[in-house]
$ cat final.pdb   # PDB, C-alpha atoms
ATOM      1  CA  MET A   1      36.965 137.165  26.186
ATOM      2  CA  HIS A   2      40.053 135.248  25.134
ATOM      3  CA  ASP A   3      42.148 132.673  27.008
ATOM      4  CA  GLY A   4      45.732 131.891  26.236
ATOM      5  CA  ILE A   5      49.382 131.861  27.222
ATOM      6  CA  ILE A   6      51.827 134.714  26.811
ATOM      7  CA  LEU A   7      55.631 134.482  27.133
ATOM      8  CA  ILE A   8      57.031 137.156  29.492
ATOM      9  CA  CYS A   9      60.770 137.154  30.262
ATOM     10  CA  GLY A  10      60.970 133.393  29.904
ATOM     11  CA  TYR A  11      57.755 132.616  31.794
ATOM     12  CA  GLN A  12      54.745 131.002  30.177
ATOM     13  CA  VAL A  13      52.086 133.178  31.795
ATOM     14  CA  GLU A  14      48.445 132.279  31.334
ATOM     15  CA  TYR A  15      45.982 135.056  30.931
ATOM     16  CA  ILE A  16      42.309 135.697  30.593
ATOM     17  CA  MET A  17      41.984 138.889  28.626
ATOM     18  CA  THR A  18      39.954 140.971  31.028
ATOM     19  CA  LEU A  19      40.706 144.281  32.706
ATOM     20  CA  ARG A  20      41.534 142.325  35.860
ATOM     21  CA  ALA A  21      44.386 140.491  34.143
ATOM     22  CA  LEU A  22      46.114 143.491  32.547
ATOM     23  CA  PRO A  23      47.702 144.910  35.741
ATOM     24  CA  VAL A  24      49.043 141.459  36.592
ATOM     25  CA  LEU A  25      50.795 141.147  33.239
ATOM     26  CA  LEU A  26      52.278 144.636  33.575
ATOM     27  CA  LEU A  27      53.629 143.880  37.042
ATOM     28  CA  LEU A  28      55.208 140.645  35.809
ATOM     29  CA  VAL A  29      56.968 142.595  33.054
ATOM     30  CA  LEU A  30      58.224 145.243  35.480
ATOM     31  CA  PHE A  31      59.309 143.080  38.391
ATOM     32  CA  SER A  32      60.109 139.607  37.080
ATOM     33  CA  GLY A  33      63.675 140.652  36.320
ATOM     34  CA  CYS A  34      63.493 138.939  32.931
ATOM     35  CA  GLY A  35      65.002 135.758  34.316
ATOM     36  CA  ARG A  36      63.829 132.639  36.044
ATOM     37  CA  PRO A  37      64.024 132.771  39.850
ATOM     38  CA  VAL A  38      66.870 131.088  41.681
ATOM     39  CA  PRO A  39      65.504 127.839  43.175
ATOM     40  CA  ARG A  40      65.188 127.800  46.955
ATOM     41  CA  THR A  41      66.270 124.263  47.793
ATOM     42  CA  THR A  42      67.278 122.454  50.969
ATOM     43  CA  GLY A  43      67.565 118.694  51.183
ATOM     44  CA  PRO A  44      64.551 117.093  49.470
ATOM     45  CA  PHE A  45      62.574 120.364  49.572
ATOM     46  CA  GLU A  46      62.237 123.030  46.902
ATOM     47  CA  ILE A  47      59.942 125.962  47.656
ATOM     48  CA  PHE A  48      58.132 128.207  45.184
ATOM     49  CA  PHE A  49      56.054 131.321  45.900
ATOM     50  CA  SER A  50      53.272 132.728  43.729
ATOM     51  CA  ARG A  51      53.737 136.228  42.281
ATOM     52  CA  LYS A  52      57.475 135.512  42.376
ATOM     53  CA  ASP A  53      57.892 132.114  40.732
ATOM     54  CA  ASP A  54      56.319 130.411  37.732
ATOM     55  CA  LEU A  55      54.234 127.864  39.660
ATOM     56  CA  PRO A  56      52.199 126.622  36.655
ATOM     57  CA  GLY A  57      55.373 126.296  34.622
ATOM     58  CA  LYS A  58      56.954 124.143  37.314
ATOM     59  CA  LEU A  59      53.907 121.879  37.494
ATOM     60  CA  VAL A  60      53.764 121.576  33.707
ATOM     61  CA  SER A  61      57.438 120.580  33.651
ATOM     62  CA  LEU A  62      56.783 117.839  36.209
ATOM     63  CA  ILE A  63      53.716 116.656  34.312
ATOM     64  CA  ASN A  64      55.612 116.549  31.038
ATOM     65  CA  SER A  65      58.422 114.482  32.565
ATOM     66  CA  SER A  66      56.074 111.966  34.218
ATOM     67  CA  GLN A  67      55.937 108.557  32.561
ATOM     68  CA  ARG A  68      53.519 106.387  34.553
ATOM     69  CA  GLU A  69      51.132 108.157  36.941
ATOM     70  CA  ILE A  70      50.012 111.635  37.973
ATOM     71  CA  ILE A  71      47.548 112.353  40.748
ATOM     72  CA  MET A  72      46.465 115.834  41.840
ATOM     73  CA  ALA A  73      44.066 117.225  44.414
ATOM     74  CA  ALA A  74      42.929 120.844  44.708
ATOM     75  CA  TYR A  75      39.861 122.762  45.720
ATOM     76  CA  GLU A  76      39.670 124.181  42.195
ATOM     77  CA  ALA A  77      41.512 123.531  38.922
ATOM     78  CA  ASN A  78      41.159 125.647  35.781
ATOM     79  CA  LEU A  79      44.692 126.628  34.673
ATOM     80  CA  PRO A  80      44.785 126.002  30.894
ATOM     81  CA  SER A  81      48.495 125.088  30.799
ATOM     82  CA  VAL A  82      48.251 122.580  33.665
ATOM     83  CA  LEU A  83      45.039 120.967  32.422
ATOM     84  CA  GLY A  84      46.376 120.860  28.887
ATOM     85  CA  ALA A  85      49.556 119.161  30.088
ATOM     86  CA  LEU A  86      47.470 116.607  32.024
ATOM     87  CA  ARG A  87      45.416 115.792  28.919
ATOM     88  CA  ASN A  88      48.581 115.434  26.845
ATOM     89  CA  ALA A  89      50.019 113.105  29.473
ATOM     90  CA  GLU A  90      46.909 110.943  29.133
ATOM     91  CA  LYS A  91      47.420 110.798  25.391
ATOM     92  CA  ARG A  92      50.928 109.412  25.810
ATOM     93  CA  GLY A  93      49.668 106.694  28.177
ATOM     94  CA  VAL A  94      50.217 108.232  31.615
ATOM     95  CA  LYS A  95      47.524 107.438  34.186
ATOM     96  CA  VAL A  96      46.078 110.800  35.302
ATOM     97  CA  GLU A  97      43.602 111.329  38.140
ATOM     98  CA  LEU A  98      42.308 114.637  39.518
ATOM     99  CA  LEU A  99      40.287 115.343  42.678
ATOM    100  CA  ILE A 100      38.472 118.674  43.129
ATOM    101  CA  ASP A 101      35.597 120.038  45.176
ATOM    102  CA  ASP A 102      32.159 119.382  43.715
ATOM    103  CA  LEU A 103      31.263 123.082  43.827
ATOM    104  CA  THR A 104      34.099 123.984  41.452
ATOM    105  CA  VAL A 105      33.639 121.430  38.675
ATOM    106  CA  GLY A 106      31.920 123.730  36.171
ATOM    107  CA  ASP A 107      32.706 122.876  32.554
ATOM    108  CA  THR A 108      34.394 119.461  32.385
ATOM    109  CA  ALA A 109      35.462 119.818  28.759
ATOM    110  CA  GLY A 110      39.008 120.901  29.652
ATOM    111  CA  LEU A 111      39.547 118.407  32.470
ATOM    112  CA  PRO A 112      41.325 115.049  32.214
ATOM    113  CA  SER A 113      39.081 112.032  31.748
ATOM    114  CA  GLN A 114      39.351 110.737  35.335
ATOM    115  CA  VAL A 115      38.002 113.416  37.694
ATOM    116  CA  TYR A 116      36.736 112.788  41.218
ATOM    117  CA  THR A 117      34.749 115.158  43.408
ATOM    118  CA  ASP A 118      34.188 115.075  47.141
ATOM    119  CA  ARG A 119      31.145 113.251  48.435
ATOM    120  CA  SER A 120      29.898 115.850  50.915
ATOM    121  CA  SER A 121      27.814 118.905  50.087
ATOM    122  CA  SER A 122      28.279 120.333  53.591
ATOM    123  CA  SER A 123      32.092 120.480  53.590
ATOM    124  CA  LEU A 124      34.928 121.243  51.180
ATOM    125  CA  MET A 125      37.552 119.116  49.473
ATOM    126  CA  HIS A 126      40.173 121.728  50.359
ATOM    127  CA  ALA A 127      43.421 119.707  50.310
ATOM    128  CA  LYS A 128      46.038 120.676  47.725
ATOM    129  CA  PHE A 129      48.756 118.216  46.715
ATOM    130  CA  GLY A 130      50.054 116.103  43.854
ATOM    131  CA  VAL A 131      52.264 113.080  43.167
ATOM    132  CA  PHE A 132      54.334 112.345  40.050
ATOM    133  CA  ASP A 133      55.442 108.762  39.277
ATOM    134  CA  GLN A 134      55.270 107.887  42.993
ATOM    135  CA  LYS A 135      58.557 109.675  43.710
ATOM    136  CA  ILE A 136      58.025 113.476  43.604
ATOM    137  CA  CYS A 137      55.171 115.305  45.315
ATOM    138  CA  TRP A 138      53.967 118.782  46.173
ATOM    139  CA  LEU A 139      51.704 120.397  48.740
ATOM    140  CA  GLY A 140      50.885 123.911  49.918
ATOM    141  CA  SER A 141      48.187 126.572  49.754
ATOM    142  CA  CYS A 142      48.039 127.038  45.976
ATOM    143  CA  ASN A 143      44.955 126.054  43.989
ATOM    144  CA  LEU A 144      45.329 125.329  40.283
ATOM    145  CA  THR A 145      43.823 128.685  39.280
ATOM    146  CA  PHE A 146      44.950 131.950  37.717
ATOM    147  CA  GLY A 147      44.301 133.897  40.930
ATOM    148  CA  SER A 148      46.294 131.489  43.103
ATOM    149  CA  ALA A 149      49.269 131.399  40.753
ATOM    150  CA  TYR A 150      49.551 135.027  39.693
ATOM    151  CA  GLU A 151      47.576 137.284  42.032
ATOM    152  CA  SER A 152      47.291 135.899  45.568
ATOM    153  CA  ASP A 153      50.148 134.928  47.886
ATOM    154  CA  ASN A 154      50.618 131.139  48.032
ATOM    155  CA  ASP A 155      53.325 128.548  48.534
ATOM    156  CA  LEU A 156      54.047 125.334  46.662
ATOM    157  CA  LEU A 157      56.458 122.978  48.411
ATOM    158  CA  LEU A 158      58.051 120.358  46.161
ATOM    159  CA  ILE A 159      59.362 117.241  47.935
ATOM    160  CA  ARG A 160      61.580 114.663  46.247
ATOM    161  CA  SER A 161      60.870 111.612  48.381
ATOM    162  CA  PRO A 162      59.281 108.308  47.304
ATOM    163  CA  GLU A 163      58.262 107.702  50.924
ATOM    164  CA  ILE A 164      56.332 110.963  51.248
ATOM    165  CA  ALA A 165      54.982 110.571  47.718
ATOM    166  CA  GLY A 166      53.668 107.147  48.718
ATOM    167  CA  CYS A 167      51.966 108.645  51.763
ATOM    168  CA  LEU A 168      50.198 111.285  49.676
ATOM    169  CA  ARG A 169      49.289 108.759  47.012
ATOM    170  CA  GLU A 170      47.594 106.572  49.614
ATOM    171  CA  THR A 171      45.784 109.647  50.918
ATOM    172  CA  PHE A 172      44.459 110.420  47.454
ATOM    173  CA  PHE A 173      42.952 106.978  47.076
ATOM    174  CA  CYS A 174      41.421 107.178  50.559
ATOM    175  CA  LEU A 175      39.793 110.501  49.687
ATOM    176  CA  THR A 176      38.459 109.260  46.365
ATOM    177  CA  SER A 177      37.007 106.121  47.952
ATOM    178  CA  GLY A 178      35.419 107.827  50.942
ATOM    179  CA  LYS A 179      37.883 106.491  53.534
ATOM    180  CA  THR A 180      39.641 108.504  56.255
ATOM    181  CA  PRO A 181      43.350 108.992  55.414
ATOM    182  CA  LEU A 182      45.975 108.012  57.959
ATOM    183  CA  SER A 183      48.529 110.573  59.111
ATOM    184  CA  SER A 184      52.197 109.743  58.636
ATOM    185  CA  ARG A 185      55.519 110.640  60.212
ATOM    186  CA  ILE A 186      58.688 110.403  58.153
ATOM    187  CA  GLU A 187      61.880 110.278  60.242
ATOM    188  CA  GLY A 188      65.371 111.060  59.032
ATOM    189  CA  ASN A 189      67.564 114.115  58.584
ATOM    190  CA  ARG A 190      64.438 116.206  58.060
ATOM    191  CA  PRO A 191      61.621 114.806  60.232
ATOM    192  CA  LEU A 192      58.281 115.458  58.575
ATOM    193  CA  SER A 193      54.751 114.712  59.713
ATOM    194  CA  ILE A 194      51.728 114.909  57.419
ATOM    195  CA  TYR A 195      48.265 115.163  58.941
ATOM    196  CA  PHE A 196      44.815 114.920  57.402
ATOM    197  CA  THR A 197      41.332 115.678  58.617
ATOM    198  CA  PRO A 198      40.440 115.221  61.497
ATOM    199  CA  GLU A 199      44.013 115.334  62.839
ATOM    200  CA  CYS A 200      45.091 118.723  61.450
ATOM    201  CA  ARG A 201      43.706 120.868  64.276
ATOM    202  CA  PRO A 202      45.060 118.737  67.159
ATOM    203  CA  ALA A 203      48.472 118.630  65.458
ATOM    204  CA  LEU A 204      48.567 122.419  65.010
ATOM    205  CA  LEU A 205      47.580 123.068  68.628
ATOM    206  CA  ARG A 206      50.148 120.545  69.837
ATOM    207  CA  GLU A 207      52.972 122.180  67.879
ATOM    208  CA  LEU A 208      52.009 125.679  69.038
ATOM    209  CA  ARG A 209      52.015 124.551  72.668
ATOM    210  CA  LYS A 210      55.553 123.157  72.277
ATOM    211  CA  THR A 211      56.938 126.456  70.961
ATOM    212  CA  GLU A 212      59.690 127.865  73.192
ATOM    213  CA  SER A 213      60.861 131.201  71.816
ATOM    214  CA  GLU A 214      59.262 132.497  68.613
ATOM    215  CA  ILE A 215      56.135 132.178  66.443
ATOM    216  CA  PHE A 216      55.530 133.771  63.069
ATOM    217  CA  PHE A 217      52.354 133.205  61.072
ATOM    218  CA  SER A 218      50.941 134.267  57.709
ATOM    219  CA  LEU A 219      47.292 133.277  57.347
ATOM    220  CA  TYR A 220      44.282 133.687  55.129
ATOM    221  CA  VAL A 221      41.830 132.962  57.964
ATOM    222  CA  LEU A 222      42.237 132.977  61.743
ATOM    223  CA  THR A 223      38.951 132.374  63.542
ATOM    224  CA  ASP A 224      39.705 129.294  65.666
ATOM    225  CA  PRO A 225      39.204 130.542  69.264
ATOM    226  CA  GLU A 226      41.599 127.970  70.718
ATOM    227  CA  VAL A 227      44.426 129.035  68.398
ATOM    228  CA  ILE A 228      43.813 132.707  69.198
ATOM    229  CA  LYS A 229      43.739 131.962  72.931
ATOM    230  CA  LEU A 230      46.940 129.932  72.715
ATOM    231  CA  LEU A 231      48.790 132.692  70.836
ATOM    232  CA  ARG A 232      47.732 135.202  73.490
ATOM    233  CA  GLN A 233      48.903 132.871  76.265
ATOM    234  CA  LYS A 234      52.250 132.381  74.554
ATOM    235  CA  ALA A 235      52.688 136.154  74.239
ATOM    236  CA  VAL A 236      52.002 136.622  77.946
ATOM    237  CA  ALA A 237      54.585 133.923  78.670
ATOM    238  CA  GLY A 238      57.221 135.944  76.811
ATOM    239  CA  ILE A 239      57.216 134.170  73.450
ATOM    240  CA  LYS A 240      57.996 136.564  70.587
ATOM    241  CA  ILE A 241      55.040 136.476  68.161
ATOM    242  CA  GLY A 242      54.355 138.268  64.899
ATOM    243  CA  GLY A 243      52.120 137.602  61.952
ATOM    244  CA  VAL A 244      50.146 138.693  58.923
ATOM    245  CA  LEU A 245      46.413 138.276  58.339
ATOM    246  CA  GLU A 246      44.307 138.698  55.198
ATOM    247  CA  ARG A 247      42.663 142.118  55.379
ATOM    248  CA  SER A 248      39.560 141.369  53.292
ATOM    249  CA  TRP A 249      38.275 138.467  55.420
ATOM    250  CA  PRO A 250      35.790 140.035  57.907
ATOM    251  CA  GLY A 251      36.147 137.184  60.369
ATOM    252  CA  ASN A 252      39.813 138.088  60.916
ATOM    253  CA  ARG A 253      38.987 141.401  62.603
ATOM    254  CA  PRO A 254      38.197 139.950  66.062
ATOM    255  CA  ALA A 255      41.406 137.895  65.912
ATOM    256  CA  PHE A 256      43.435 140.945  64.895
ATOM    257  CA  ALA A 257      42.021 142.957  67.804
ATOM    258  CA  ALA A 258      42.532 140.128  70.303
ATOM    259  CA  LEU A 259      46.138 139.531  69.256
ATOM    260  CA  HIS A 260      46.986 143.230  69.101
ATOM    261  CA  SER A 261      45.616 143.795  72.609
ATOM    262  CA  ALA A 262      47.951 141.053  73.862
ATOM    263  CA  GLY A 263      50.966 142.899  72.465
ATOM    264  CA  ILE A 264      51.393 140.637  69.453
ATOM    265  CA  ALA A 265      52.884 142.271  66.340
ATOM    266  CA  VAL A 266      50.031 141.462  63.977
ATOM    267  CA  ARG A 267      49.637 143.276  60.653
ATOM    268  CA  TRP A 268      47.279 143.280  57.716
ATOM    269  CA  ASP A 269      48.642 141.953  54.431
ATOM    270  CA  ASN A 270      49.771 144.382  51.731
ATOM    271  CA  ASN A 271      48.560 142.363  48.721
ATOM    272  CA  TYR A 272      45.590 143.905  46.910
ATOM    273  CA  ASN A 273      44.432 140.343  46.279
ATOM    274  CA  LEU A 274      44.701 137.576  48.918
ATOM    275  CA  ASN A 275      47.238 136.577  51.536
ATOM    276  CA  HIS A 276      46.303 132.923  51.050
ATOM    277  CA  TYR A 277      49.122 131.305  53.067
ATOM    278  CA  LYS A 278      48.425 128.829  55.868
ATOM    279  CA  VAL A 279      51.918 129.018  57.359
ATOM    280  CA  PHE A 280      53.418 128.990  60.854
ATOM    281  CA  ILE A 281      57.162 129.193  61.531
ATOM    282  CA  LEU A 282      58.065 127.996  65.038
ATOM    283  CA  ASP A 283      61.298 128.749  66.907
ATOM    284  CA  GLY A 284      63.042 129.477  63.601
ATOM    285  CA  ARG A 285      63.413 125.772  62.916
ATOM    286  CA  LYS A 286      60.014 124.297  62.107
ATOM    287  CA  VAL A 287      57.531 125.027  59.289
ATOM    288  CA  ILE A 288      53.817 124.242  59.284
ATOM    289  CA  THR A 289      52.141 124.566  55.899
ATOM    290  CA  GLY A 290      49.467 122.995  53.720
ATOM    291  CA  SER A 291      45.797 123.722  53.072
ATOM    292  CA  TYR A 292      44.590 124.042  56.671
ATOM    293  CA  ASN A 293      43.249 127.423  57.793
ATOM    294  CA  PRO A 294      42.905 127.721  61.603
ATOM    295  CA  SER A 295      39.214 128.509  61.271
ATOM    296  CA  ARG A 296      36.009 127.340  62.889
ATOM    297  CA  THR A 297      34.928 125.358  59.823
ATOM    298  CA  ALA A 298      38.239 123.887  58.592
ATOM    299  CA  PRO A 299      38.019 120.737  60.786
ATOM    300  CA  GLU A 300      34.935 119.742  58.768
ATOM    301  CA  ASN A 301      36.777 119.889  55.431
ATOM    302  CA  GLN A 302      39.215 117.543  53.713
ATOM    303  CA  GLU A 303      42.540 119.185  54.614
ATOM    304  CA  ILE A 304      46.268 118.484  54.702
ATOM    305  CA  LEU A 305      48.820 119.916  57.122
ATOM    306  CA  ALA A 306      52.575 119.289  57.068
ATOM    307  CA  VAL A 307      54.964 119.836  59.975
ATOM    308  CA  ILE A 308      58.600 119.958  58.874
ATOM    309  CA  ALA A 309      61.593 120.253  61.209
ATOM    310  CA  SER A 310      64.148 122.110  59.087
ATOM    311  CA  PRO A 311      65.915 125.338  60.156
ATOM    312  CA  GLU A 312      67.010 125.866  56.551
ATOM    313  CA  LEU A 313      63.445 125.621  55.220
ATOM    314  CA  ALA A 314      62.161 127.793  58.072
ATOM    315  CA  GLY A 315      64.727 130.424  57.111
ATOM    316  CA  ILE A 316      63.578 130.432  53.485
ATOM    317  CA  TYR A 317      59.951 130.885  54.503
ATOM    318  CA  GLN A 318      60.766 133.535  57.088
ATOM    319  CA  ARG A 319      62.809 135.646  54.688
ATOM    320  CA  ARG A 320      60.007 135.589  52.127
ATOM    321  CA  LEU A 321      56.994 135.934  54.403
ATOM    322  CA  SER A 322      58.185 138.095  57.281
ATOM    323  CA  GLY A 323      61.154 139.996  55.868
ATOM    324  CA  ARG A 324      59.089 142.470  53.856
ATOM    325  CA  PHE A 325      57.056 143.339  56.961
ATOM    326  CA  GLY A 326      60.091 143.936  59.174
ATOM    327  CA  PHE A 327      59.329 141.192  61.680
ATOM    328  CA  PHE A 328      62.086 139.881  63.922
TER     329      PHE A 328
END
$ encode --input "final.pdb" --output "structure tokens"
Amino acid sequence: MHDGIILICGYQVEYIMTLRALPVLLLLVLFSGCGRPVPRTTGPFEIFFSRKDDLPGKLVSLINSSQREIIMAAYEANLPSVLGALRNAEKRGVKVELLIDDLTVGDTAGLPSQVYTDRSSSSLMHAKFGVFDQKICWLGSCNLTFGSAYESDNDLLLIRSPEIAGCLRETFFCLTSGKTPLSSRIEGNRPLSIYFTPECRPALLRELRKTESEIFFSLYVLTDPEVIKLLRQKAVAGIKIGGVLERSWPGNRPAFAALHSAGIAVRWDNNYNLNHYKVFILDGRKVITGSYNPSRTAPENQEILAVIASPELAGIYQRRLSGRFGFF
């Protein structure tokens, strides 16, 4: 077995030389277009999608340009290029701190020197976000792993805002010290609210209840009975609803059947690997994303959920996530 990085059409693509990795490399050669993707940017937001964009390369670029401080949180982190860039940042004097779930630590040899793990064996440190020099941050569904970056479907939302970066930075230090993070609302041209456990579920239910015309979702897990009930009620009330669920998760089958019986246009994903999104698009003008799966167990985990009022951002997500399925 051999780890490394290969350059394909301008992308630094990490690989683990196994049979599993070979089809991924071939697909990247065939479909990458031999050019870097056009950035999808609106206001302070720039959105990247796995299997389409070079997510590790973007993170490495941000790490390499950081001068003072880098903090990152993810359920799991083992991407050689990202971890290598973090160690190099340490060598040039940048303060680097990483938070991961205790079940995923494994070999610490490749990790930066300051690594935190969650303090609970009964729940997961499932939040995924990072902050660079207290002015640029990211969040989304993507773990810092080969599968998340190159095989499964994930989003990484980059936000250029010192205010939001400060909010996430404070959250990181709450999580690493065992305190409960405080949720934040950022007003302005693009109102944004960031929620943390235990406020993610109430916030999601509240936003779904306020929906007036249209709901689209793309989810890894949907087992929360209240969310399923609410979607059915909205469909009966005449709200147009469509969505995609991960086929391989057995717990999604009851939700699929319940939604389908209510006339909701629900479909199984078409990715051989995972549809790992945790995304809702509401009324074509609001995006909900982050690490929070609407599941029975998610409220027990450390999670992050962002609610962003931006028709432009909602349009970008909808074209990527629903367009290929023919929704709306």
$ residues_around --input "final.pdb" --residues "Asn143 of chain A" --least-positions-apart "4" --cutoff "9 Å" --atoms "all atoms listed in the file" --output "PyMOL selection string"
chain A and resi 73-77+128+147-149+154
$ atom_distance --input "final.pdb" --atom1 "atom CA of Thr197 of chain A" --atom2 "atom CA of Met125 of chain A"
10.5 Å
$ residues_around --input "final.pdb" --residues "Val307 of chain A" --least-positions-apart "5" --cutoff "12 Å" --atoms "only C-alpha atoms" --output "ChimeraX atom specification"
/A:139-140,183-187,190-196,200,203-208,278-282,285-290,292,313-314
$ closest_residue --input "final.pdb" --among "A:His260, A:Arg40, A:Arg267, A:Lys52" --to "Glu151 of chain A" --atoms "all atoms listed in the file"
A:Lys52
$ closest_residue --input "final.pdb" --among "A:Ile228, A:Leu274, A:Leu99, A:Ile71" --to "Ala257 of chain A" --atoms "all atoms listed in the file"
A:Ile228
$ atom_distance --input "final.pdb" --atom1 "atom CA of Leu83 of chain A" --atom2 "atom CA of Phe173 of chain A"
20.4 Å
$ closest_residue --input "final.pdb" --among "A:Leu321, A:Cys142, A:Ile47, A:Ile264" --to "Leu79 of chain A" --atoms "all atoms listed in the file"
A:Cys142
$ atom_distance --input "final.pdb" --atom1 "atom CA of Val244 of chain A" --atom2 "atom CA of Ser322 of chain A"
8.2 Å
$ resolve_selection --input "final.pdb" --expression "the PyMOL selection byres ((chain A and resi 155) around 7)" --output "list of chain:residue names"
A:Phe48, A:Phe49, A:Ser50, A:Gly140, A:Ser141, A:Cys142, A:Asn154, A:Leu156, A:Leu157, A:Tyr277
$ write_last_selection --input "final.pdb" --atoms "C-alpha atoms" --output "PDB file, keeping the file's coordinate frame"
ATOM      1  CA  PHE A  48      58.132 128.207  45.184  1.00  0.00           C
ATOM      2  CA  PHE A  49      56.054 131.321  45.900  1.00  0.00           C
ATOM      3  CA  SER A  50      53.272 132.728  43.729  1.00  0.00           C
ATOM      4  CA  GLY A 140      50.885 123.911  49.918  1.00  0.00           C
ATOM      5  CA  SER A 141      48.187 126.572  49.754  1.00  0.00           C
ATOM      6  CA  CYS A 142      48.039 127.038  45.976  1.00  0.00           C
ATOM      7  CA  ASN A 154      50.618 131.139  48.032  1.00  0.00           C
ATOM      8  CA  LEU A 156      54.047 125.334  46.662  1.00  0.00           C
ATOM      9  CA  LEU A 157      56.458 122.978  48.411  1.00  0.00           C
ATOM     10  CA  TYR A 277      49.122 131.305  53.067  1.00  0.00           C
TER      11      TYR A 277
END
$ closest_residue --input "final.pdb" --among "A:Glu97, A:Thr211, A:Lys234, A:Arg201" --to "Thr176 of chain A" --atoms "all atoms listed in the file"
A:Glu97
$ closest_residue --input "final.pdb" --among "A:Leu231, A:Gly284, A:Leu103, A:Lys95" --to "Glu312 of chain A" --atoms "only C-alpha atoms"
A:Gly284
$ resolve_selection --input "final.pdb" --expression "the PyMOL selection byres ((chain A and resi 93) around 12)" --output "PyMOL selection string"
chain A and resi 64+66-70+86-92+94-96
$ resolve_selection --input "final.pdb" --expression "the PyMOL selection byres ((chain A and resi 255) around 9)" --output "list in words"
Leu222, Thr223, Asp224, Pro225, Ile228, Gly251, Asn252, Arg253, Pro254, Phe256, Ala257, Ala258, Leu259 and His260 of chain A
$ closest_residue --input "final.pdb" --among "A:Ser121, A:Thr104, A:Gln302, A:Gln114" --to "Lys179 of chain A" --atoms "all atoms listed in the file"
A:Gln302
$ residues_near_point --input "final.pdb" --point "(36.9, 109.8, 54.4)" --cutoff "12 Å" --atoms "all atoms listed in the file" --output "list in words"
Asp118, Arg119, Ser120, Ser123, Met125, Thr171, Phe172, Phe173, Cys174, Leu175, Thr176, Ser177, Gly178, Lys179, Thr180, Pro181, Leu182, Phe196, Thr197, Pro198, Glu300, Asn301, Gln302 and Glu303 of chain A
$ build_atoms --input "final.pdb" --residues "segment 228-243 of chain A" --atoms "N, CA and C atoms" --output "short mmCIF file (atom, residue, chain, number, x, y, z; two decimals), in the frame of the given file"
data_model
loop_
_atom_site.label_atom_id
_atom_site.label_comp_id
_atom_site.auth_asym_id
_atom_site.auth_seq_id
_atom_site.Cartn_x
_atom_site.Cartn_y
_atom_site.Cartn_z
N ILE A 228 43.67 131.31 68.77
CA ILE A 228 43.81 132.71 69.20
C ILE A 228 44.16 132.78 70.69
N LYS A 229 43.47 131.99 71.49
CA LYS A 229 43.74 131.96 72.93
C LYS A 229 45.16 131.49 73.21
N LEU A 230 45.61 130.48 72.50
CA LEU A 230 46.94 129.93 72.72
C LEU A 230 48.02 130.95 72.33
N LEU A 231 47.83 131.66 71.23
CA LEU A 231 48.79 132.69 70.84
C LEU A 231 48.87 133.79 71.89
N ARG A 232 47.74 134.19 72.43
CA ARG A 232 47.73 135.20 73.49
C ARG A 232 48.47 134.69 74.74
N GLN A 233 48.24 133.45 75.10
CA GLN A 233 48.90 132.87 76.26
C GLN A 233 50.42 132.81 76.05
N LYS A 234 50.82 132.45 74.85
CA LYS A 234 52.25 132.38 74.55
C LYS A 234 52.89 133.77 74.63
N ALA A 235 52.17 134.79 74.18
CA ALA A 235 52.69 136.15 74.24
C ALA A 235 52.87 136.60 75.69
N VAL A 236 51.91 136.28 76.52
CA VAL A 236 52.00 136.62 77.95
C VAL A 236 53.18 135.91 78.59
N ALA A 237 53.47 134.71 78.12
CA ALA A 237 54.58 133.92 78.67
C ALA A 237 55.95 134.39 78.16
N GLY A 238 55.97 135.39 77.29
CA GLY A 238 57.22 135.94 76.81
C GLY A 238 57.69 135.44 75.46
N ILE A 239 56.87 134.64 74.80
CA ILE A 239 57.22 134.17 73.45
C ILE A 239 57.07 135.33 72.47
N LYS A 240 58.05 135.51 71.61
CA LYS A 240 58.00 136.56 70.59
C LYS A 240 57.08 136.11 69.45
N ILE A 241 56.04 136.89 69.16
CA ILE A 241 55.04 136.48 68.16
C ILE A 241 54.78 137.62 67.19
N GLY A 242 54.73 137.31 65.93
CA GLY A 242 54.36 138.27 64.90
C GLY A 242 53.65 137.55 63.77
N GLY A 243 52.81 138.27 63.04
CA GLY A 243 52.12 137.60 61.95
C GLY A 243 51.35 138.53 61.06
#
